[in-house]
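Step one of this worksheet: look at the structure below.
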Amino acid sequence: MMERRATALSTSSGLTGVALLARLLQVAKLPLCSAVAASALVGLVLAGDRLDSRAVALFFAVLLLAGGAAALNNCQDQVYDRFFGRTRERPVARGDLPVSVALVMAALLFVAGAAVLVVTSRSLSPLLVSLLVVVLYNGIYTRLKQKTSWALLPGAICGALPPLIGWLAGGGEQGGFGLVLVMVFMAVWQVPHFWLVLLDHRNDYRQAPYPSLADELSLPALHMVTFIWAAAFMSLVHTFFLVERSLSYGLVMINSISSLIVLAVFARELFCRRLPRYRVLFHVHNGFLLLLMTLVVTDNLWR
């Protein structure tokens, strides 16, 4: 029956099966949700669990749940997205994908992700934390960002919780200091991530009928705030790598060198260039986080 519906949708919208799949993956924000799922694996590693078939199941469970939240967010933001160049081409905002299809997709992803998480976890705690993330992201952050420019704060909390899901799924004891540091630096990482999006699309934010920090702070002030938060993130990362004794010395050295390079790139772009390349900094910032997660997980495989 689902196959007949998909075929009917493809025919009525003029999309091929491949094009329809591409739309669905875009609605699910696959790259972003993959990063969220990877951060859950970091929590699993910190809990002392091994990267085995259960870790793969955890990754896909969190990926499905995050994809469901993203699909629901596309429906909630369909009007909001039309004001911004970076989001107006999203399938639901553009009208390429019916809202009803995106909602059904979100429901299916939620159910599938919850089922996998329950089956593979040692308790219901990971599922409860996952539901909290959905409430914060879809119930609070998505609504607040259209009313206040400080909605990034609950949004940052959302990004801090996936490592906790992995930690609980791995049977870790609550209160692990390394886990707390990871959660804090994941939250702090999202702030310069948001500032860079704002800087790169500040004209859109100023013209949209929604509150924006681009209206409240000057460009030099935005540059300074972004750099300060990026430096705070680097400091927290250094602290984590120094206090987490299970990590190898070589890993600590790689982190130290790469973080200093990234901070130097931020300083050069924001303070030395007449026209900073915000998109470059955005990719450098995101790439550095991906590098950190890869290093921590890979180090676990080598031991």
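Within each chain, counting starts at residue 1; across the structure tokens, chains are named A, B, ... in the order shown, with ligands numbered 1 upward in that order.
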Interface rows for stretch 174-254 of chain A against stretch 57-81 of chain A: nearest pair, Å to one decimal, 10 Å, only C-alpha atoms, as a tab-separated table:
```
residue	atom	partner	partner_atom	distance
A:Ala208	CA	A:Tyr80	CA	8.5
A:Pro209	CA	A:Tyr80	CA	9.1
A:Tyr210	CA	A:Tyr80	CA	8.7
```
Secondary structure check, alpha helix (DSSP H) residues of stretch 19-259 of chain A, as a ChimeraX atom specification: /A:19-27,30-46,53-76,78-81,91-94,99-120,125-134,142-144,152-160,162-169,177-200,202-207,219-243,249-259
Within 9 Å of A:Phe288 using only C-alpha atoms, minus same-chain residues under 5 positions, as a list of chain:residue names: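 Non-adjacent residues within range: A:Ser258, A:Ser259, A:Val262, A:His283, A:Met293.
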Atoms to include: N, CA, C and O atoms. Write the selected residues as a CSV table (one decimal), in the first residue's frame.
```
chain,number,residue,atom,x,y,z
A,258,SER,N,45.2,20.9,16.0
A,258,SER,CA,44.1,21.3,15.1
A,258,SER,C,43.2,22.4,15.7
A,258,SER,O,42.7,23.2,14.9
A,259,SER,N,42.9,22.4,17.0
A,259,SER,CA,42.1,23.4,17.5
A,259,SER,C,42.7,24.8,17.5
A,259,SER,O,42.1,25.8,17.2
A,262,VAL,N,42.3,26.0,13.9
A,262,VAL,CA,41.0,26.4,13.6
A,262,VAL,C,40.7,27.8,14.2
A,262,VAL,O,40.1,28.7,13.6
A,283,HIS,N,32.0,25.7,7.5
A,283,HIS,CA,32.5,24.4,7.2
A,283,HIS,C,33.7,24.0,8.1
A,283,HIS,O,33.8,22.8,8.5
A,293,MET,N,34.8,14.0,16.9
A,293,MET,CA,34.0,12.7,17.1
A,293,MET,C,34.7,11.5,16.5
A,293,MET,O,34.7,10.4,17.1
```
Can you tell me, as a PDB file with N, CA, C and O atoms, in the first residue's frame, what residues are no more than 9 Å from A:Pro154 when counting only C-alpha atoms, ignoring any on the same chain fewer than 5 positions away?
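out14.pdb written:
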```
ATOM      1  N   LEU A 136      11.934  19.627  23.132  1.00  0.00           N
ATOM      2  CA  LEU A 136      12.710  20.871  23.139  1.00  0.00           C
ATOM      3  C   LEU A 136      12.862  21.442  21.735  1.00  0.00           C
ATOM      4  O   LEU A 136      12.727  22.652  21.522  1.00  0.00           O
ATOM      5  N   TYR A 137      13.136  20.562  20.768  1.00  0.00           N
ATOM      6  CA  TYR A 137      13.409  21.019  19.399  1.00  0.00           C
ATOM      7  C   TYR A 137      12.142  21.439  18.672  1.00  0.00           C
ATOM      8  O   TYR A 137      12.038  22.562  18.174  1.00  0.00           O
ATOM      9  N   ILE A 140       9.551  23.620  21.526  1.00  0.00           N
ATOM     10  CA  ILE A 140       9.974  24.886  22.136  1.00  0.00           C
ATOM     11  C   ILE A 140      10.836  25.711  21.181  1.00  0.00           C
ATOM     12  O   ILE A 140      10.478  26.836  20.818  1.00  0.00           O
ATOM     13  N   TYR A 141      11.982  25.148  20.742  1.00  0.00           N
ATOM     14  CA  TYR A 141      12.903  25.905  19.899  1.00  0.00           C
ATOM     15  C   TYR A 141      12.250  26.377  18.605  1.00  0.00           C
ATOM     16  O   TYR A 141      12.347  27.558  18.235  1.00  0.00           O
ATOM     17  N   LEU A 144       9.860  29.175  19.383  1.00  0.00           N
ATOM     18  CA  LEU A 144      10.471  30.377  19.950  1.00  0.00           C
ATOM     19  C   LEU A 144      11.270  31.186  18.936  1.00  0.00           C
ATOM     20  O   LEU A 144      11.346  32.421  19.037  1.00  0.00           O
ATOM     21  N   GLY A 159      21.070  20.025  21.186  1.00  0.00           N
ATOM     22  CA  GLY A 159      22.286  19.455  20.630  1.00  0.00           C
ATOM     23  C   GLY A 159      23.202  18.833  21.660  1.00  0.00           C
ATOM     24  O   GLY A 159      24.088  18.041  21.309  1.00  0.00           O
TER      25      GLY A 159
END
```
Which of A:His285, A:Arg86, A:Arg268, A:Arg50 sits closest to A:Tyr205 [using only C-alpha atoms]: A:Arg86
Have a look at atom CA of A:Gly113 and atom CA of A:Val129 and let me know their distance in Å, one decimal.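 Computing the Euclidean distance for atom CA of A:Gly113 and atom CA of A:Val129 yields 13.0 Å.
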Distance in Å - atom CA of A:Leu217 versus atom CA of A:Phe185: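 Calculated distance between atom CA of A:Leu217 and atom CA of A:Phe185 is 24.4 Å.
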Atom CA of A:Cys33 to atom CA of A:Glu244 measures 26.1 Å
With a distance cut-off of 12 Å and only C-alpha atoms, select the neighbouring residues of stretch 223-231 of chain A, excluding the residue or stretch itself and same-chain residues fewer than 4 positions from it, and output the selection as a PDB file with N, CA and C atoms, in the first residue's frame.
```pdb
ATOM      1  N   PHE A 185      30.347  21.124  25.723  1.00  0.00           N
ATOM      2  CA  PHE A 185      30.984  21.666  24.519  1.00  0.00           C
ATOM      3  C   PHE A 185      30.131  21.441  23.271  1.00  0.00           C
ATOM      4  N   MET A 186      29.249  20.438  23.287  1.00  0.00           N
ATOM      5  CA  MET A 186      28.300  20.300  22.186  1.00  0.00           C
ATOM      6  C   MET A 186      27.309  21.458  22.178  1.00  0.00           C
ATOM      7  N   ALA A 187      26.890  21.884  23.374  1.00  0.00           N
ATOM      8  CA  ALA A 187      25.975  23.020  23.474  1.00  0.00           C
ATOM      9  C   ALA A 187      26.663  24.308  23.035  1.00  0.00           C
ATOM     10  N   VAL A 188      27.898  24.510  23.490  1.00  0.00           N
ATOM     11  CA  VAL A 188      28.630  25.724  23.150  1.00  0.00           C
ATOM     12  C   VAL A 188      28.975  25.747  21.662  1.00  0.00           C
ATOM     13  N   TRP A 189      29.278  24.580  21.086  1.00  0.00           N
ATOM     14  CA  TRP A 189      29.607  24.510  19.653  1.00  0.00           C
ATOM     15  C   TRP A 189      28.486  25.098  18.796  1.00  0.00           C
ATOM     16  N   GLN A 190      27.249  24.897  19.208  1.00  0.00           N
ATOM     17  CA  GLN A 190      26.125  25.330  18.385  1.00  0.00           C
ATOM     18  C   GLN A 190      25.976  26.843  18.319  1.00  0.00           C
ATOM     19  N   VAL A 191      26.511  27.559  19.295  1.00  0.00           N
ATOM     20  CA  VAL A 191      26.352  29.013  19.302  1.00  0.00           C
ATOM     21  C   VAL A 191      27.122  29.668  18.156  1.00  0.00           C
ATOM     22  N   PRO A 192      28.448  29.434  18.005  1.00  0.00           N
ATOM     23  CA  PRO A 192      29.120  30.005  16.823  1.00  0.00           C
ATOM     24  C   PRO A 192      28.576  29.426  15.519  1.00  0.00           C
ATOM     25  N   HIS A 193      28.102  28.188  15.548  1.00  0.00           N
ATOM     26  CA  HIS A 193      27.444  27.599  14.372  1.00  0.00           C
ATOM     27  C   HIS A 193      26.264  28.486  13.948  1.00  0.00           C
ATOM     28  N   PHE A 194      25.463  28.904  14.927  1.00  0.00           N
ATOM     29  CA  PHE A 194      24.316  29.773  14.645  1.00  0.00           C
ATOM     30  C   PHE A 194      24.771  31.162  14.203  1.00  0.00           C
ATOM     31  N   TRP A 195      25.774  31.725  14.886  1.00  0.00           N
ATOM     32  CA  TRP A 195      26.260  33.061  14.533  1.00  0.00           C
ATOM     33  C   TRP A 195      26.750  33.104  13.096  1.00  0.00           C
ATOM     34  N   LEU A 196      27.434  32.052  12.655  1.00  0.00           N
ATOM     35  CA  LEU A 196      27.974  32.028  11.297  1.00  0.00           C
ATOM     36  C   LEU A 196      26.858  31.948  10.252  1.00  0.00           C
ATOM     37  N   VAL A 197      25.804  31.196  10.560  1.00  0.00           N
ATOM     38  CA  VAL A 197      24.638  31.176   9.665  1.00  0.00           C
ATOM     39  C   VAL A 197      24.020  32.567   9.597  1.00  0.00           C
ATOM     40  N   LEU A 198      23.905  33.202  10.752  1.00  0.00           N
ATOM     41  CA  LEU A 198      23.336  34.552  10.809  1.00  0.00           C
ATOM     42  C   LEU A 198      24.179  35.544  10.012  1.00  0.00           C
ATOM     43  N   LEU A 199      25.492  35.489  10.164  1.00  0.00           N
ATOM     44  CA  LEU A 199      26.384  36.405   9.451  1.00  0.00           C
ATOM     45  C   LEU A 199      26.330  36.179   7.942  1.00  0.00           C
ATOM     46  N   ASP A 200      26.284  34.923   7.536  1.00  0.00           N
ATOM     47  CA  ASP A 200      26.285  34.608   6.112  1.00  0.00           C
ATOM     48  C   ASP A 200      24.968  35.001   5.437  1.00  0.00           C
ATOM     49  N   LEU A 213      19.159  38.825  15.918  1.00  0.00           N
ATOM     50  CA  LEU A 213      20.282  39.512  16.545  1.00  0.00           C
ATOM     51  C   LEU A 213      21.039  40.381  15.546  1.00  0.00           C
ATOM     52  N   ALA A 214      20.799  40.168  14.245  1.00  0.00           N
ATOM     53  CA  ALA A 214      21.404  41.027  13.229  1.00  0.00           C
ATOM     54  C   ALA A 214      20.879  42.452  13.338  1.00  0.00           C
ATOM     55  N   LEU A 217      22.823  43.854  17.040  1.00  0.00           N
ATOM     56  CA  LEU A 217      24.275  43.989  17.176  1.00  0.00           C
ATOM     57  C   LEU A 217      24.890  44.459  15.863  1.00  0.00           C
ATOM     58  N   SER A 218      25.938  45.263  15.988  1.00  0.00           N
ATOM     59  CA  SER A 218      26.660  45.706  14.792  1.00  0.00           C
ATOM     60  C   SER A 218      27.485  44.552  14.231  1.00  0.00           C
ATOM     61  N   LEU A 219      27.970  44.703  13.010  1.00  0.00           N
ATOM     62  CA  LEU A 219      28.769  43.652  12.385  1.00  0.00           C
ATOM     63  C   LEU A 219      30.056  43.363  13.170  1.00  0.00           C
ATOM     64  N   SER A 235      38.348  25.932  24.223  1.00  0.00           N
ATOM     65  CA  SER A 235      38.815  25.751  25.605  1.00  0.00           C
ATOM     66  C   SER A 235      38.158  24.538  26.258  1.00  0.00           C
ATOM     67  N   LEU A 236      36.855  24.377  26.015  1.00  0.00           N
ATOM     68  CA  LEU A 236      36.144  23.223  26.573  1.00  0.00           C
ATOM     69  C   LEU A 236      36.636  21.920  25.966  1.00  0.00           C
ATOM     70  N   VAL A 237      36.927  21.951  24.671  1.00  0.00           N
ATOM     71  CA  VAL A 237      37.450  20.757  24.007  1.00  0.00           C
ATOM     72  C   VAL A 237      38.796  20.375  24.598  1.00  0.00           C
ATOM     73  N   HIS A 238      39.683  21.376  24.809  1.00  0.00           N
ATOM     74  CA  HIS A 238      40.983  21.114  25.432  1.00  0.00           C
ATOM     75  C   HIS A 238      40.795  20.503  26.820  1.00  0.00           C
ATOM     76  N   SER A 259      42.926  22.379  16.968  1.00  0.00           N
ATOM     77  CA  SER A 259      42.076  23.414  17.549  1.00  0.00           C
ATOM     78  C   SER A 259      42.735  24.786  17.463  1.00  0.00           C
ATOM     79  N   LEU A 260      44.057  24.838  17.654  1.00  0.00           N
ATOM     80  CA  LEU A 260      44.766  26.114  17.525  1.00  0.00           C
ATOM     81  C   LEU A 260      44.731  26.614  16.081  1.00  0.00           C
ATOM     82  N   ILE A 261      44.845  25.699  15.129  1.00  0.00           N
ATOM     83  CA  ILE A 261      44.761  26.076  13.712  1.00  0.00           C
ATOM     84  C   ILE A 261      43.380  26.641  13.396  1.00  0.00           C
ATOM     85  N   VAL A 262      42.339  25.960  13.885  1.00  0.00           N
ATOM     86  CA  VAL A 262      40.961  26.416  13.632  1.00  0.00           C
ATOM     87  C   VAL A 262      40.730  27.799  14.241  1.00  0.00           C
ATOM     88  N   LEU A 263      41.223  28.010  15.463  1.00  0.00           N
ATOM     89  CA  LEU A 263      41.039  29.308  16.115  1.00  0.00           C
ATOM     90  C   LEU A 263      41.788  30.407  15.353  1.00  0.00           C
ATOM     91  N   ALA A 264      42.960  30.082  14.821  1.00  0.00           N
ATOM     92  CA  ALA A 264      43.719  31.050  14.021  1.00  0.00           C
ATOM     93  C   ALA A 264      42.966  31.409  12.738  1.00  0.00           C
ATOM     94  N   VAL A 265      42.311  30.422  12.137  1.00  0.00           N
ATOM     95  CA  VAL A 265      41.514  30.673  10.936  1.00  0.00           C
ATOM     96  C   VAL A 265      40.345  31.600  11.276  1.00  0.00           C
ATOM     97  N   PHE A 266      39.704  31.380  12.407  1.00  0.00           N
ATOM     98  CA  PHE A 266      38.608  32.253  12.845  1.00  0.00           C
ATOM     99  C   PHE A 266      39.110  33.685  13.017  1.00  0.00           C
ATOM    100  N   ALA A 267      40.246  33.845  13.694  1.00  0.00           N
ATOM    101  CA  ALA A 267      40.788  35.186  13.946  1.00  0.00           C
ATOM    102  C   ALA A 267      41.131  35.893  12.639  1.00  0.00           C
ATOM    103  N   ARG A 268      41.741  35.166  11.712  1.00  0.00           N
ATOM    104  CA  ARG A 268      42.125  35.778  10.432  1.00  0.00           C
ATOM    105  C   ARG A 268      40.900  36.204   9.636  1.00  0.00           C
ATOM    106  N   GLU A 269      39.900  35.344   9.554  1.00  0.00           N
ATOM    107  CA  GLU A 269      38.719  35.654   8.752  1.00  0.00           C
ATOM    108  C   GLU A 269      37.897  36.792   9.358  1.00  0.00           C
ATOM    109  N   LEU A 270      37.715  36.777  10.663  1.00  0.00           N
ATOM    110  CA  LEU A 270      36.823  37.744  11.300  1.00  0.00           C
ATOM    111  C   LEU A 270      37.468  39.100  11.559  1.00  0.00           C
ATOM    112  N   PHE A 271      38.787  39.124  11.727  1.00  0.00           N
ATOM    113  CA  PHE A 271      39.427  40.383  12.121  1.00  0.00           C
ATOM    114  C   PHE A 271      40.437  40.925  11.106  1.00  0.00           C
ATOM    115  N   CYS A 272      40.883  40.082  10.177  1.00  0.00           N
ATOM    116  CA  CYS A 272      41.927  40.527   9.247  1.00  0.00           C
ATOM    117  C   CYS A 272      41.443  40.701   7.817  1.00  0.00           C
ATOM    118  N   ARG A 273      40.357  40.085   7.474  1.00  0.00           N
ATOM    119  CA  ARG A 273      39.840  40.179   6.115  1.00  0.00           C
ATOM    120  C   ARG A 273      38.731  41.222   6.038  1.00  0.00           C
ATOM    121  N   ARG A 274      38.732  41.987   4.952  1.00  0.00           N
ATOM    122  CA  ARG A 274      37.680  42.995   4.773  1.00  0.00           C
ATOM    123  C   ARG A 274      36.328  42.340   4.527  1.00  0.00           C
ATOM    124  N   LEU A 275      36.332  41.226   3.807  1.00  0.00           N
ATOM    125  CA  LEU A 275      35.097  40.470   3.550  1.00  0.00           C
ATOM    126  C   LEU A 275      35.300  39.038   4.050  1.00  0.00           C
ATOM    127  N   PRO A 276      34.983  38.787   5.307  1.00  0.00           N
ATOM    128  CA  PRO A 276      35.168  37.435   5.863  1.00  0.00           C
ATOM    129  C   PRO A 276      34.365  36.393   5.095  1.00  0.00           C
ATOM    130  N   ARG A 277      34.934  35.222   4.967  1.00  0.00           N
ATOM    131  CA  ARG A 277      34.255  34.112   4.292  1.00  0.00           C
ATOM    132  C   ARG A 277      33.532  33.274   5.344  1.00  0.00           C
ATOM    133  N   TYR A 278      32.324  33.700   5.656  1.00  0.00           N
ATOM    134  CA  TYR A 278      31.555  33.036   6.720  1.00  0.00           C
ATOM    135  C   TYR A 278      31.259  31.578   6.392  1.00  0.00           C
ATOM    136  N   LEU A 281      34.234  29.492   7.272  1.00  0.00           N
ATOM    137  CA  LEU A 281      34.300  29.280   8.719  1.00  0.00           C
ATOM    138  C   LEU A 281      33.239  28.290   9.179  1.00  0.00           C
ATOM    139  N   PHE A 282      32.060  28.352   8.584  1.00  0.00           N
ATOM    140  CA  PHE A 282      30.977  27.424   8.925  1.00  0.00           C
ATOM    141  C   PHE A 282      31.416  25.982   8.687  1.00  0.00           C
ATOM    142  N   VAL A 284      34.557  24.902   8.368  1.00  0.00           N
ATOM    143  CA  VAL A 284      35.704  24.603   9.236  1.00  0.00           C
ATOM    144  C   VAL A 284      35.226  24.244  10.639  1.00  0.00           C
ATOM    145  N   HIS A 285      34.279  25.020  11.146  1.00  0.00           N
ATOM    146  CA  HIS A 285      33.735  24.789  12.489  1.00  0.00           C
ATOM    147  C   HIS A 285      33.050  23.428  12.569  1.00  0.00           C
ATOM    148  N   ASN A 286      32.209  23.116  11.595  1.00  0.00           N
ATOM    149  CA  ASN A 286      31.511  21.835  11.584  1.00  0.00           C
ATOM    150  C   ASN A 286      32.483  20.672  11.353  1.00  0.00           C
ATOM    151  N   PHE A 288      35.595  20.547  12.195  1.00  0.00           N
ATOM    152  CA  PHE A 288      36.394  20.312  13.402  1.00  0.00           C
ATOM    153  C   PHE A 288      35.622  19.432  14.390  1.00  0.00           C
ATOM    154  N   LEU A 289      34.331  19.678  14.542  1.00  0.00           N
ATOM    155  CA  LEU A 289      33.527  18.833  15.432  1.00  0.00           C
ATOM    156  C   LEU A 289      33.493  17.398  14.915  1.00  0.00           C
TER     157      LEU A 289
END
```
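Closest to A:Val252 among A:Leu292, A:Ala19, A:Val280, A:Leu128 is A:Leu292, based on only C-alpha atoms.
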Taking into account only C-alpha atoms, which residue in the set A:Asn255, A:Ala102, A:Arg143, A:Arg202 is nearest to A:Glu216?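 When distances to A:Glu216 are compared using only C-alpha atoms, the smallest one comes from A:Arg202.
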Residues at most 10 Å from A:Ala55, counting only C-alpha atoms, excluding those fewer than 6 positions away in the same chain, as a PDB file with C-alpha atoms, in the first residue's frame?
```pdb
ATOM      1  CA  ALA A  40      25.410   9.615  20.399  1.00  0.00           C
ATOM      2  CA  LEU A  41      28.176   7.129  19.585  1.00  0.00           C
ATOM      3  CA  LEU A  44      28.422   5.248  24.044  1.00  0.00           C
ATOM      4  CA  VAL A  45      32.214   5.144  23.853  1.00  0.00           C
ATOM      5  CA  ASP A  49      30.875   0.206  25.621  1.00  0.00           C
ATOM      6  CA  ALA A  61      17.915   4.597  16.026  1.00  0.00           C
ATOM      7  CA  THR A 120      18.824  -2.319  21.769  1.00  0.00           C
ATOM      8  CA  SER A 121      19.079  -0.272  25.005  1.00  0.00           C
ATOM      9  CA  GLY A 166      24.505   7.054  23.855  1.00  0.00           C
ATOM     10  CA  ALA A 169      22.298   3.154  26.038  1.00  0.00           C
ATOM     11  CA  GLY A 170      25.780   1.903  26.926  1.00  0.00           C
TER      12      GLY A 170
END
```
